[in-house]
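Visitor: The structure under discussion is supplied below as structure tokens; questions concerning it will follow.
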Amino acid sequence: MHTYLPPTTESNHSDSLTILRLPAVTRLTGLCRSTIYRLVAEDKFPSPVKLSSRAIGWHRADLERWSAARPTANH
């Protein structure tokens, strides 16, 4: 079973190797499952890695890079 790890303020090597499963990715990004898969199909979101025959996850470092590259809203 996967345990969600909240973001840390200091990044280290083991944190960059962390694999997040879909529930953690939806909480981290604020995107729903269908939006994540649509963006993956459009090459606009990091691709998941296969963990087993029926399980996938995302590298935390890939998600952090994707998030940092997104434009911010100016209000």
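Residues are referred to by chain and number: the chain letter is A, B, ... according to the order shown in the structure tokens, the number counts from 1 in that chain, and ligands are numbered separately from 1 in the order shown.
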For Lys50 of chain A, find every residue with an atom within 12 Å (counting only C-alpha atoms), except residues of its own chain fewer than 4 positions away, and show them as a ChimeraX atom specification.
Guide: /A:19-21,54-59
Visitor: Using only C-alpha atoms, which residue out of A:Phe45, A:Ser52, A:Thr18, A:Leu28 lies closest to Arg70 of chain A?
Guide: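 Of the candidates, the smallest distance to Arg70 of chain A is held by A:Phe45.
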Visitor: Within 12 Å of Ser67 of chain A, counting only C-alpha atoms, which residues qualify if same-chain residues fewer than 2 places away don't, as a list in words?
Guide: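 Counting only C-alpha atoms, the residues come to Val25, Leu28, Thr29, Gly30, Leu31, Lys44, Phe45, Pro46, Arg60, Ala61, Asp62, Leu63, Glu64, Arg65, Ala69, Arg70, Pro71 and Thr72 of chain A.
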Visitor: From segment 15-69 of chain A, collect each residue whose DSSP state is strand (DSSP E) and return the set as a ChimeraX atom specification.
Guide: /A:19-20,49-52,55-59
Visitor: In Å, with one decimal, what is the gap from atom CA of Ala73 of chain A to atom CA of Pro48 of chain A?
Guide: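 Answer for the atom CA of Ala73 of chain A to atom CA of Pro48 of chain A separation: 26.8 Å.
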